[in-house]
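Structure file start_0.csv (CSV, C-alpha atoms and all ligand atoms) follows.
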chain,number,residue,atom,x,y,z
A,577,MET,CA,93.6,187.0,124.0
A,578,PHE,CA,96.5,185.1,122.2
A,579,ASP,CA,97.1,183.1,125.4
A,580,GLY,CA,99.1,180.4,123.5
A,581,LEU,CA,101.8,182.8,122.5
A,582,LYS,CA,101.7,184.6,125.9
A,583,ASP,CA,102.5,181.3,127.7
A,584,LYS,CA,105.3,180.5,125.3
A,585,LEU,CA,107.0,183.9,125.7
A,586,GLY,CA,106.7,183.6,129.5
A,587,GLN,CA,108.3,180.2,129.3
A,588,PHE,CA,111.2,181.6,127.4
A,589,LYS,CA,111.9,184.2,130.1
A,590,ASP,CA,112.0,181.4,132.7
A,591,ASP,CA,114.2,179.2,130.5
A,592,VAL,CA,116.8,182.0,130.1
A,593,GLU,CA,116.8,182.7,133.8
A,594,GLU,CA,117.2,179.0,134.5
A,595,GLN,CA,120.1,178.6,132.2
A,596,ALA,CA,121.8,181.6,133.7
A,597,GLU,CA,121.4,180.2,137.2
A,598,GLU,CA,123.3,177.0,136.5
A,599,PRO,CA,126.5,176.8,138.6
A,600,ALA,CA,129.3,178.8,137.2
A,601,GLU,CA,132.1,176.9,135.5
A,602,GLY,CA,135.7,178.0,135.2
A,603,ASP,CA,137.7,180.8,136.7
A,604,ASP,CA,136.2,183.7,134.7
A,605,GLU,CA,132.7,182.9,135.9
A,606,ALA,CA,133.9,182.5,139.5
A,607,GLU,CA,135.6,185.8,139.3
A,608,ALA,CA,132.6,187.4,137.8
A,609,ASP,CA,130.5,186.1,140.7
A,610,THR,CA,132.7,187.6,143.3
A,611,GLU,CA,132.8,190.9,141.5
A,612,ALA,CA,129.0,190.8,141.3
A,613,GLU,CA,128.6,191.2,145.1
A,614,PRO,CA,129.8,194.7,145.5
A,615,ALA,CA,128.1,195.7,142.4
A,616,ALA,CA,124.8,194.4,143.8
A,617,GLU,CA,125.4,196.3,147.0
A,618,ALA,CA,126.1,199.4,145.1
A,619,VAL,CA,122.8,199.0,143.4
A,620,THR,CA,121.1,198.5,146.8
A,621,GLU,CA,122.6,201.7,148.1
A,622,SER,CA,121.8,203.9,145.2
A,623,GLU,CA,118.3,202.7,144.7
A,624,PRO,CA,117.0,201.1,147.9
A,625,ASP,CA,113.4,200.8,146.8
A,626,THR,CA,113.6,199.1,143.5
A,627,ALA,CA,112.7,195.5,142.9
A,628,GLU,CA,115.7,195.1,140.7
A,629,ALA,CA,118.0,195.9,143.5
A,630,GLU,CA,116.4,193.2,145.7
A,631,SER,CA,116.6,190.5,143.1
A,632,ALA,CA,120.1,191.4,142.4
A,633,GLU,CA,120.9,190.7,146.1
A,634,ASP,CA,118.9,187.6,146.2
A,635,GLY,CA,120.5,185.1,144.0
A,636,PRO,CA,122.9,184.1,141.4
A,637,GLY,CA,122.1,183.9,137.8
A,638,LEU,CA,120.7,186.6,135.6
A,639,ALA,CA,120.0,189.0,138.3
A,640,LYS,CA,123.6,188.9,139.4
A,641,LYS,CA,124.8,189.2,135.8
A,642,ALA,CA,122.6,192.2,135.4
A,643,ALA,CA,124.3,193.7,138.4
A,644,LEU,CA,127.5,193.1,136.5
A,645,ALA,CA,126.1,195.3,133.8
A,646,ALA,CA,126.8,198.2,136.1
A,647,THR,CA,130.5,197.4,135.6
A,648,GLY,CA,130.0,197.2,131.9
A,649,LYS,CA,130.4,193.4,131.7
A,650,THR,CA,128.6,191.0,129.4
A,651,ILE,CA,125.3,189.8,130.7
A,652,ILE,CA,124.4,186.7,128.8
A,653,THR,CA,126.5,184.4,126.6
A,654,GLU,CA,125.5,182.9,123.3
A,655,ALA,CA,125.9,179.4,124.8
A,656,GLU,CA,123.4,180.2,127.5
A,657,LEU,CA,120.8,181.4,125.0
A,658,GLU,CA,121.1,178.6,122.5
A,659,ALA,CA,118.8,176.1,124.1
A,660,PRO,CA,116.1,178.5,125.2
A,661,LEU,CA,116.1,180.2,121.8
A,662,GLU,CA,115.8,176.9,120.0
A,663,GLN,CA,112.9,176.0,122.2
A,664,LEU,CA,111.3,179.4,121.7
A,665,GLU,CA,111.6,179.0,117.9
A,666,LEU,CA,109.8,175.7,118.1
A,667,GLU,CA,107.1,177.1,120.4
A,668,LEU,CA,106.5,180.0,118.2
A,669,LEU,CA,106.1,177.7,115.2
A,670,GLN,CA,103.6,175.7,117.2
A,671,GLY,CA,101.9,179.0,118.2
A,672,ASP,CA,101.1,179.5,114.5
A,673,VAL,CA,103.9,182.0,113.9
A,674,GLU,CA,105.1,182.0,110.4
A,675,MET,CA,108.5,180.4,109.9
A,676,THR,CA,110.5,183.4,108.7
A,677,VAL,CA,108.9,185.5,111.4
A,678,ALA,CA,109.8,183.1,114.2
A,679,ARG,CA,113.4,183.1,112.9
A,680,GLU,CA,113.4,186.9,112.8
A,681,ILE,CA,112.2,187.1,116.3
A,682,THR,CA,114.8,184.7,117.7
A,683,ASP,CA,117.6,186.3,115.7
A,684,ARG,CA,116.7,189.7,117.0
A,685,ILE,CA,116.5,188.5,120.6
A,686,ARG,CA,119.9,186.8,120.2
A,687,GLU,CA,121.4,190.0,118.7
A,688,GLN,CA,120.1,192.1,121.5
A,689,LEU,CA,121.2,189.8,124.3
A,690,VAL,CA,124.5,188.2,123.3
A,691,GLY,CA,127.6,189.9,124.2
A,692,GLU,CA,125.7,193.0,125.2
A,693,THR,CA,127.3,195.2,127.8
A,694,ARG,CA,125.1,197.6,129.5
A,695,LYS,CA,125.8,200.5,131.7
A,696,GLN,CA,122.5,200.9,133.3
A,697,VAL,CA,121.3,198.6,136.0
A,698,GLU,CA,118.5,196.3,135.2
A,699,SER,CA,117.4,192.9,136.5
A,700,GLY,CA,118.0,190.0,134.2
A,701,GLU,CA,114.4,189.5,133.7
A,702,GLN,CA,114.0,193.1,132.5
A,703,VAL,CA,116.8,192.7,130.1
A,704,VAL,CA,115.3,189.6,128.6
A,705,GLU,CA,111.8,191.0,128.5
A,706,ARG,CA,113.0,194.1,126.8
A,707,ALA,CA,114.8,192.1,124.1
A,708,ILE,CA,111.6,190.1,123.5
A,709,ALA,CA,109.5,193.2,123.4
A,710,GLU,CA,111.8,194.9,120.9
A,711,ALA,CA,112.0,191.9,118.7
A,712,LEU,CA,108.2,191.5,118.7
A,713,ARG,CA,107.5,195.2,118.1
A,714,ASP,CA,109.9,195.2,115.2
A,715,VAL,CA,108.1,192.4,113.4
A,716,ILE,CA,104.6,193.4,114.3
A,717,SER,CA,104.8,197.0,113.4
A,718,VAL,CA,106.0,196.6,109.8
A,719,GLY,CA,104.2,199.2,107.6
A,720,GLN,CA,102.0,200.4,110.5
A,721,PHE,CA,100.0,203.6,109.8
A,722,ASP,CA,97.4,205.5,111.6
A,723,PHE,CA,94.1,204.6,110.0
A,724,GLU,CA,92.2,207.6,111.3
A,725,GLN,CA,94.9,210.0,110.1
A,726,ARG,CA,94.8,208.3,106.7
A,727,ILE,CA,91.0,208.9,106.5
A,728,ALA,CA,91.3,212.4,107.8
A,729,GLY,CA,93.9,213.4,105.3
A,730,ALA,CA,92.4,211.7,102.2
A,731,ASP,CA,90.1,213.3,99.6
A,732,LYS,CA,86.5,212.3,100.2
A,733,PRO,CA,84.8,210.0,99.6
A,734,VAL,CA,87.5,207.5,100.8
A,735,VAL,CA,86.7,204.2,99.1
A,736,ILE,CA,87.6,201.0,101.0
A,737,VAL,CA,87.1,197.6,99.6
A,738,PHE,CA,87.2,194.4,101.8
A,739,THR,CA,88.4,191.1,100.6
A,740,GLY,CA,89.1,187.6,102.0
A,741,VAL,CA,88.0,184.1,102.0
A,742,ASN,CA,84.5,182.9,103.0
A,743,GLY,CA,83.0,183.4,106.4
A,744,VAL,CA,86.0,185.2,108.1
A,745,GLY,CA,84.0,188.3,109.1
A,746,LYS,CA,84.2,190.7,106.2
A,747,THR,CA,80.5,191.8,106.3
A,748,THR,CA,80.5,192.0,110.1
A,749,SER,CA,83.7,194.1,110.0
A,750,ILE,CA,82.2,196.5,107.6
A,751,ALA,CA,79.3,197.0,109.9
A,752,LYS,CA,81.6,197.5,112.8
A,753,LEU,CA,83.8,199.9,110.9
A,754,SER,CA,80.8,202.1,109.8
A,755,GLN,CA,80.0,202.5,113.5
A,756,TRP,CA,83.7,203.1,114.4
A,757,LEU,CA,83.8,205.8,111.7
A,758,GLU,CA,80.6,207.4,113.1
A,759,THR,CA,82.1,207.6,116.5
A,760,HIS,CA,85.2,209.3,115.0
A,761,GLY,CA,83.1,211.8,113.1
A,762,TYR,CA,82.9,210.3,109.6
A,763,SER,CA,79.8,209.3,107.7
A,764,SER,CA,79.8,206.2,105.6
A,765,VAL,CA,77.7,204.4,103.0
A,766,LEU,CA,77.8,200.6,102.6
A,767,ALA,CA,78.0,198.9,99.2
A,768,ASN,CA,77.2,195.2,98.8
A,769,GLY,CA,79.7,194.0,96.3
A,770,ASP,CA,78.9,190.5,97.3
A,771,THR,CA,76.5,189.8,94.4
A,772,TYR,CA,77.5,186.2,94.5
A,773,ARG,CA,76.1,184.6,97.6
A,774,ALA,CA,72.3,184.2,98.1
A,775,GLY,CA,71.1,186.2,101.1
A,776,ALA,CA,74.1,188.5,101.1
A,777,ASN,CA,71.9,191.6,100.4
A,778,GLU,CA,69.6,190.8,103.2
A,779,GLN,CA,72.4,190.2,105.7
A,780,ILE,CA,74.1,193.5,105.1
A,781,GLU,CA,70.8,195.3,104.9
A,782,GLU,CA,70.0,194.1,108.3
A,783,HIS,CA,73.3,195.6,109.7
A,784,ALA,CA,72.6,198.8,107.8
A,785,ASP,CA,69.1,199.0,109.3
A,786,VAL,CA,70.4,198.6,112.9
A,787,LEU,CA,73.1,201.1,112.3
A,788,ASP,CA,71.0,203.5,110.4
A,789,LYS,CA,73.3,203.5,107.4
A,790,ARG,CA,72.6,203.9,103.8
A,791,ILE,CA,73.2,200.7,101.7
A,792,ILE,CA,73.6,200.3,98.0
A,793,THR,CA,72.8,196.9,96.5
A,794,HIS,CA,72.2,195.4,93.1
A,795,GLU,CA,70.5,192.1,92.2
A,796,GLN,CA,72.3,188.9,93.0
A,797,GLY,CA,74.5,188.0,90.0
A,798,GLY,CA,75.1,191.7,89.3
A,799,ASP,CA,78.5,193.3,88.7
A,800,PRO,CA,80.2,194.1,92.1
A,801,ALA,CA,82.2,197.0,90.5
A,802,ALA,CA,79.0,198.6,89.4
A,803,VAL,CA,77.5,198.4,92.9
A,804,ILE,CA,80.6,200.0,94.4
A,805,TYR,CA,80.7,202.6,91.6
A,806,ASP,CA,77.0,203.6,92.5
A,807,ALA,CA,77.9,203.9,96.1
A,808,VAL,CA,80.8,206.2,95.2
A,809,GLU,CA,78.4,208.4,93.2
A,810,TYR,CA,76.0,208.4,96.1
A,811,ALA,CA,78.7,209.4,98.4
A,812,GLU,CA,79.9,212.2,96.1
A,813,ALA,CA,76.3,213.6,95.7
A,814,ASN,CA,75.6,213.4,99.4
A,815,ASP,CA,78.9,214.4,101.0
A,816,VAL,CA,79.5,211.0,102.6
A,817,ASP,CA,83.0,210.6,103.8
A,818,VAL,CA,83.7,206.9,103.3
A,819,VAL,CA,82.4,204.1,101.0
A,820,LEU,CA,82.7,200.6,102.5
A,821,GLY,CA,82.6,198.0,99.7
A,822,ASP,CA,81.9,194.4,100.7
A,823,THR,CA,82.9,191.6,98.3
A,824,ALA,CA,82.0,187.9,98.2
A,825,GLY,CA,84.3,185.5,100.0
A,826,ARG,CA,86.8,184.0,97.5
A,827,LEU,CA,90.0,182.0,97.3
A,828,HIS,CA,93.0,183.8,95.8
A,829,THR,CA,92.9,180.9,93.3
A,830,SER,CA,89.4,181.5,92.1
A,831,ASN,CA,90.1,183.2,88.8
A,832,ASP,CA,86.7,184.6,88.1
A,833,LEU,CA,86.3,186.2,91.5
A,834,MET,CA,89.9,187.5,91.4
A,835,ALA,CA,89.1,189.0,88.0
A,836,GLN,CA,86.2,190.8,89.7
A,837,LEU,CA,88.5,192.4,92.2
A,838,GLU,CA,90.7,193.6,89.3
A,839,LYS,CA,87.6,195.1,87.7
A,840,ILE,CA,86.7,196.9,91.0
A,841,ASP,CA,90.3,198.3,91.0
A,842,ARG,CA,89.9,199.5,87.4
A,843,VAL,CA,86.4,200.9,87.7
A,844,VAL,CA,86.4,202.5,91.2
A,845,ASP,CA,90.2,202.7,92.0
A,846,PRO,CA,89.7,202.2,95.8
A,847,ASP,CA,91.8,204.2,98.2
A,848,MET,CA,92.3,201.2,100.3
A,849,THR,CA,91.9,197.4,100.0
A,850,LEU,CA,91.6,195.7,103.4
A,851,PHE,CA,92.2,192.0,103.7
A,852,VAL,CA,90.0,190.3,106.4
A,853,ASP,CA,90.9,187.0,108.0
A,854,GLU,CA,90.3,185.4,111.3
A,855,ALA,CA,92.9,184.9,114.1
A,856,VAL,CA,91.7,181.4,114.7
A,857,ALA,CA,92.9,180.4,111.2
A,858,GLY,CA,96.5,180.8,112.4
A,859,GLN,CA,99.1,180.1,109.9
A,860,ASP,CA,96.5,179.8,107.1
A,861,ALA,CA,95.5,183.4,107.7
A,862,THR,CA,99.1,184.5,107.3
A,863,ASN,CA,99.5,182.5,104.1
A,864,ARG,CA,96.2,183.8,102.7
A,865,ALA,CA,97.2,187.4,103.5
A,866,LYS,CA,100.4,186.9,101.4
A,867,GLU,CA,98.5,185.2,98.6
A,868,PHE,CA,95.9,187.9,98.4
A,869,ASN,CA,98.5,190.6,98.6
A,870,ASP,CA,100.4,189.0,95.7
A,871,ALA,CA,97.2,188.6,93.6
A,872,ALA,CA,95.6,191.9,94.3
A,873,GLU,CA,97.6,194.2,96.4
A,874,ILE,CA,96.2,195.0,99.9
A,875,ASP,CA,96.9,198.1,102.0
A,876,GLY,CA,96.2,196.5,105.4
A,877,ALA,CA,94.4,193.7,107.3
A,878,ILE,CA,91.7,193.2,109.8
A,879,LEU,CA,92.1,190.2,112.0
A,880,THR,CA,88.7,189.0,113.3
A,881,LYS,CA,87.7,186.6,116.1
A,882,ALA,CA,90.6,187.6,118.3
A,883,ASP,CA,88.2,187.0,121.1
A,884,ALA,CA,88.0,183.3,120.3
A,885,ASP,CA,90.7,181.0,121.5
A,886,SER,CA,93.7,181.5,119.1
A,887,GLN,CA,97.4,181.2,119.6
A,888,GLY,CA,98.1,184.6,118.2
A,889,GLY,CA,100.6,183.7,115.5
A,890,ALA,CA,98.7,185.4,112.7
A,891,ALA,CA,98.6,188.7,114.7
A,892,ILE,CA,102.4,188.8,114.9
A,893,SER,CA,103.1,187.4,111.4
A,894,ILE,CA,100.9,189.1,108.9
A,895,ALA,CA,102.6,192.5,108.8
A,896,HIS,CA,106.1,191.0,108.5
A,897,VAL,CA,105.1,188.5,105.8
A,898,THR,CA,103.1,191.0,103.7
A,899,GLY,CA,104.7,194.3,104.5
A,900,LYS,CA,101.1,195.5,105.2
A,901,PRO,CA,99.9,196.3,108.7
A,902,ILE,CA,97.0,194.9,110.7
A,903,LEU,CA,94.8,197.9,111.3
A,904,PHE,CA,92.0,196.4,113.4
A,905,LEU,CA,91.2,193.4,115.6
A,906,GLY,CA,87.7,192.0,115.7
A,907,THR,CA,87.0,191.1,119.3
A,908,GLY,CA,83.4,189.8,119.3
A,909,GLN,CA,80.1,189.7,117.5
A,910,GLY,CA,78.8,193.1,118.6
A,911,TYR,CA,79.2,196.3,116.6
A,912,ALA,CA,81.5,197.8,119.2
A,913,ASP,CA,83.8,194.8,119.1
A,914,LEU,CA,86.5,196.4,116.9
A,915,GLU,CA,89.8,197.5,118.3
A,916,GLU,CA,92.4,199.6,116.6
A,917,PHE,CA,95.5,197.5,116.3
A,918,ASP,CA,98.3,199.0,118.3
A,919,PRO,CA,101.6,197.1,118.2
A,920,ASP,CA,102.8,198.4,121.5
A,921,GLU,CA,99.6,197.4,123.2
A,922,ILE,CA,99.8,193.9,121.7
A,923,VAL,CA,103.4,193.5,122.8
A,924,SER,CA,102.6,194.5,126.4
A,925,ARG,CA,99.6,192.1,126.4
A,926,LEU,CA,101.7,189.3,125.2
A,927,LEU,CA,104.3,190.0,127.9
A,928,GLU,CA,102.2,190.8,130.8
A,929,GLU,CA,102.4,188.3,133.7
B,1001,LIG,N1,83.5,185.9,117.9
B,1001,LIG,C1,83.6,186.7,116.8
B,1001,LIG,N2,82.8,186.4,115.7
B,1001,LIG,C2,82.9,187.2,114.6
B,1001,LIG,C3,83.8,188.2,114.6
B,1001,LIG,N3,83.7,188.8,113.3
B,1001,LIG,C4,82.7,188.1,112.7
B,1001,LIG,N4,82.3,187.1,113.5
B,1001,LIG,C5,81.2,186.1,113.1
B,1001,LIG,O1,81.7,185.3,112.0
B,1001,LIG,C6,80.6,184.9,111.2
B,1001,LIG,C7,80.8,185.3,109.8
B,1001,LIG,O2,80.8,186.7,109.6
B,1001,LIG,P1,80.5,187.4,108.2
B,1001,LIG,O3,80.7,188.8,108.5
B,1001,LIG,O4,79.2,187.0,107.7
B,1001,LIG,O5,81.7,186.8,107.4
B,1001,LIG,P2,82.0,187.1,105.8
B,1001,LIG,O6,83.4,187.1,105.6
B,1001,LIG,O7,81.3,188.3,105.4
B,1001,LIG,O8,81.3,185.8,105.2
B,1001,LIG,P3,81.0,185.6,103.6
B,1001,LIG,O9,80.3,186.8,103.1
B,1001,LIG,O10,80.1,184.4,103.6
B,1001,LIG,O11,82.3,185.3,102.9
B,1001,LIG,C8,79.4,185.6,111.8
B,1001,LIG,O12,78.7,184.7,112.6
B,1001,LIG,C9,80.0,186.7,112.6
B,1001,LIG,O13,79.1,187.1,113.7
B,1001,LIG,C10,84.7,188.5,115.7
B,1001,LIG,O14,85.5,189.4,115.7
B,1001,LIG,N5,84.5,187.7,116.8
B,1002,MG,MG,80.0,188.6,103.8
Output the file's structure as structure tokens, nothing else.
Amino acid sequence: MFDGLKDKLGQFKDDVEEQAEEPAEGDDEAEADTEAEPAAEAVTESEPDTAEAESAEDGPGLAKKAALAATGKTIITEAELEAPLEQLELELLQGDVEMTVAREITDRIREQLVGETRKQVESGEQVVERAIAEALRDVISVGQFDFEQRIAGADKPVVIVFTGVNGVGKTTSIAKLSQWLETHGYSSVLANGDTYRAGANEQIEEHADVLDKRIITHEQGGDPAAVIYDAVEYAEANDVDVVLGDTAGRLHTSNDLMAQLEKIDRVVDPDMTLFVDEAVAGQDATNRAKEFNDAAEIDGAILTKADADSQGGAAISIAHVTGKPILFLGTGQGYADLEEFDPDEIVSRLLEE
């Protein structure tokens, strides 16, 4: 998953290491090198088993500088970071990361690494990796909340409406989420607010049949707000916990359809509006998330098709750009292919070797 970005981040670690390994220039550096030896030994003595200790002994470069950290000295200079960070920013942009997000990540890494003096002993690679991890986590986890807790704490029925452009996986995600809710102990009713596309009723009815869920539909051409309203009434009368309201795919610029969303907001006042888009759309998905959020405020996003080959840029950009978190990843066409989005988990996946 998100192999494009994973490779780029790995490359950055190597680049920084390489820069740091270039021969030392000037007296200060030379002095630093000689001082590093005893520090490295001290490390070996105190922690004989650790990999850091070995790498600190092995060679020059970051590992040695990290050993310096034990004496409270600066690990990495701004000059050393300049080229790798510039390269990383370019690579992030090519990896579909939104521009301001790429800049934020590189700024945060620079902030963390430059002029930093550290007391604890770490290998250079660990220092760099931690800086990347913290920068990524900061941008990814903007606005993050626990979806299940939100459901648990809300008055029932909880009404959730799904929006997004055509074909990104809204209907499939609703089906998956109804199953996810069931496994977490919540009942749900589906409402087909996609009264626009021919065949939409049949498609969602098929899912409801397989999953044994109640579905509320109206005729094609009907009023989506009325369908979802009926589903809310059904849920109230039957003690159903969650109403999952589908809507037709639309562009944020299609005025009629956006007016429909406003009407849904007025008539049923949903507890949550979730924006659905696909990871493979990259930068477009991020832009659309912003456009939808501006046109009809969203509470969170579902990023589908994370199983298909995508760079991963949308996954790390959407929250920072919209201020609304990604809550789930769609990871396949099966009903169980829905993962809760966990920023820590995503960061460790992106950084694992
Ligand atoms: N590989 C993969 N395919 C997915 C995923 N989610 C949805 N799909 C597929 O994407 C296609 C479109 O899904 P739909 O759920 O119909 O998309 P939609 O947004 O409801 O489409 P419209 O109602 O036409 O706007 C289907 O073939 C789904 O099986 C996913 O996470 N991974
Ligand atoms: Mg649909």
Which residues of chain A sit at most 9 Å from ligand MG 1002 (chain B), using all atoms listed in the file? Give each one's shortest atom pair and distance in Å (one decimal place), in chain and ascending residue order, as a Markdown table.
| residue | atom | partner | partner_atom | distance |
| --- | --- | --- | --- | --- |
| A:Asn742 | CA | B:MG1002 | MG | 7.3 |
| A:Gly743 | CA | B:MG1002 | MG | 6.5 |
| A:Val744 | CA | B:MG1002 | MG | 8.1 |
| A:Gly745 | CA | B:MG1002 | MG | 6.6 |
| A:Lys746 | CA | B:MG1002 | MG | 5.3 |
| A:Thr747 | CA | B:MG1002 | MG | 4.1 |
| A:Thr748 | CA | B:MG1002 | MG | 7.2 |
| A:Asn768 | CA | B:MG1002 | MG | 8.7 |
| A:Asp770 | CA | B:MG1002 | MG | 6.9 |
| A:Arg773 | CA | B:MG1002 | MG | 8.3 |
| A:Ala776 | CA | B:MG1002 | MG | 6.5 |
| A:Gln779 | CA | B:MG1002 | MG | 8.0 |
| A:Ile780 | CA | B:MG1002 | MG | 7.8 |
| A:Asp822 | CA | B:MG1002 | MG | 6.8 |
| A:Thr823 | CA | B:MG1002 | MG | 6.9 |
| A:Ala824 | CA | B:MG1002 | MG | 6.0 |
| A:Gly825 | CA | B:MG1002 | MG | 6.5 |
| field | Contacts of Ile892 of chain A at 9 Å (only C-alpha atoms; same-chain gap of 3+ positions) as a list of chain:residue names | value | A:Val673, A:Glu674, A:Val677, A:Leu712, A:Arg713, A:Val715, A:Ile716, A:Ser717, A:Gly888, A:Gly889, A:Ala895, A:His896, A:Pro919, A:Ile922
| query | Which one of A:Val737, A:Leu927, A:Met675, A:Leu914 sits closest to Ser749 of chain A if you count all atoms listed in the file? | reply | A:Leu914
As JSON, what would the box around ligand LIG 1001 (chain B) look like: edges along x, y and z, 3 Å added on every side, centre and edge lengths in Å to one decimal?
{"center_x": 82.1, "center_y": 186.9, "center_z": 110.4, "size_x": 12.8, "size_y": 11.0, "size_z": 21.0}
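Atom pair atom CA of Glu667 of chain A / atom CA of Asn863 of chain A has a distance of 18.8 Å (rounded to one decimal).
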| task | Can you work out which one of A:Asn814, A:Thr771, A:Gln720, A:Gln755 has the shortest atom-to-atom distance to Glu795 of chain A, counting only C-alpha atoms? | result | A:Thr771
| request: Give as a ChimeraX atom specification every residue, naming chains and numbers as the document does, that has an atom within 12 Å of (96.6, 196.1, 96.6), counting only C-alpha atoms. | output: /A:736-739,837-838,840-842,845-851,865-877,898-900
| Which value, in Å to one decimal, gives the distance between atom C5 of ligand LIG 1001 (chain B) and atom CA of Lys732 of chain A? |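 Distance reported for this atom pair: 29.7 Å.
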| request: Name all residues at most 9 Å from Ile727 of chain A (count only C-alpha atoms; drop same-chain ones fewer than 4 positions away) and give them as a list in words. | output: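 Result of the neighbour search: Asp722, Phe723, Asp731, Lys732, Val734, Tyr762, Asp817 and Val818 of chain A.
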| task | List the neighbours of Glu916 of chain A out to 12 Å using all atoms listed in the file; skip same-chain residues closer than 2 positions along the sequence, and give me the result as an MDAnalysis selection string. | result | chainID A and resid 720:724 752:753 756:757 877:880 901:907 912:914 918:922
| query | At what distance in Å, to one decimal, does atom CA of Ala890 of chain A lie from atom CA of Thr862 of chain A? | reply |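 According to the coordinates, atom CA of Thr862 of chain A and atom CA of Ala890 of chain A are separated by 5.5 Å.
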| Among listed residues A:Leu766, A:Met577, A:Ile804, A:Val741, nearest Val816 of chain A (using all atoms listed in the file) |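 Among A:Leu766, A:Met577, A:Ile804, A:Val741, it is A:Leu766 that comes nearest to Val816 of chain A.
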| request: Select, from A:Ile685, A:Leu820, A:Val852, A:Ala802, the residue with the minimum atom-to-atom distance to ligand LIG 1001 (chain B), counting all atoms listed in the file. | output: A:Val852
| said: I'd like the neighbourhood of Thr676 of chain A as an MDAnalysis selection string, where a residue qualifies if any of its atoms comes within 9 Å (using only C-alpha atoms), though same-chain residues fewer than 3 positions away should be ignored. | reply: chainID A and resid 673 679:681 893 896:897
| Residue nearest Asp806 of chain A - candidates A:Ala857, A:Phe578, A:His828, A:Val843, atoms counted: only C-alpha atoms |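 Selected residue with least distance to Asp806 of chain A: A:Val843.
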If I only have part of segment 730-734 of chain A, can you fill in all heavy atoms and write it as a PDB file, in the coordinates of the input?
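Output file selection-v7.pdb is given in full below:
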ATOM      1  N   ALA A 730      92.668 212.104 103.588  1.00  0.00           N
ATOM      2  CA  ALA A 730      92.400 211.700 102.200  1.00  0.00           C
ATOM      3  C   ALA A 730      91.221 212.560 101.625  1.00  0.00           C
ATOM      4  O   ALA A 730      90.378 213.076 102.360  1.00  0.00           O
ATOM      5  CB  ALA A 730      91.982 210.242 102.158  1.00  0.00           C
ATOM      6  N   ASP A 731      91.213 212.686 100.283  1.00  0.00           N
ATOM      7  CA  ASP A 731      90.100 213.300  99.600  1.00  0.00           C
ATOM      8  C   ASP A 731      88.847 212.441  99.841  1.00  0.00           C
ATOM      9  O   ASP A 731      88.937 211.222  99.805  1.00  0.00           O
ATOM     10  CB  ASP A 731      90.336 213.402  98.095  1.00  0.00           C
ATOM     11  CG  ASP A 731      91.413 214.439  97.793  1.00  0.00           C
ATOM     12  OD1 ASP A 731      91.667 215.299  98.662  1.00  0.00           O
ATOM     13  OD2 ASP A 731      92.000 214.364  96.694  1.00  0.00           O
ATOM     14  N   LYS A 732      87.686 213.077 100.004  1.00  0.00           N
ATOM     15  CA  LYS A 732      86.500 212.300 100.200  1.00  0.00           C
ATOM     16  C   LYS A 732      85.680 212.164  98.932  1.00  0.00           C
ATOM     17  O   LYS A 732      85.753 213.049  98.089  1.00  0.00           O
ATOM     18  CB  LYS A 732      85.599 213.000 101.306  1.00  0.00           C
ATOM     19  CG  LYS A 732      86.338 213.380 102.594  1.00  0.00           C
ATOM     20  CD  LYS A 732      86.749 212.157 103.385  1.00  0.00           C
ATOM     21  CE  LYS A 732      87.454 212.489 104.701  1.00  0.00           C
ATOM     22  NZ  LYS A 732      88.649 213.297 104.643  1.00  0.00           N
ATOM     23  N   PRO A 733      84.931 211.118  98.713  1.00  0.00           N
ATOM     24  CA  PRO A 733      84.800 210.000  99.600  1.00  0.00           C
ATOM     25  C   PRO A 733      86.067 209.083  99.573  1.00  0.00           C
ATOM     26  O   PRO A 733      86.658 208.928  98.510  1.00  0.00           O
ATOM     27  CB  PRO A 733      83.606 209.235  99.130  1.00  0.00           C
ATOM     28  CG  PRO A 733      83.544 209.546  97.677  1.00  0.00           C
ATOM     29  CD  PRO A 733      84.074 210.935  97.519  1.00  0.00           C
ATOM     30  N   VAL A 734      86.409 208.509 100.718  1.00  0.00           N
ATOM     31  CA  VAL A 734      87.500 207.500 100.800  1.00  0.00           C
ATOM     32  C   VAL A 734      86.806 206.161 100.484  1.00  0.00           C
ATOM     33  O   VAL A 734      85.829 205.798 101.145  1.00  0.00           O
ATOM     34  CB  VAL A 734      88.106 207.463 102.183  1.00  0.00           C
ATOM     35  CG1 VAL A 734      89.266 206.483 102.208  1.00  0.00           C
ATOM     36  CG2 VAL A 734      88.553 208.838 102.633  1.00  0.00           C
TER      37      VAL A 734
END
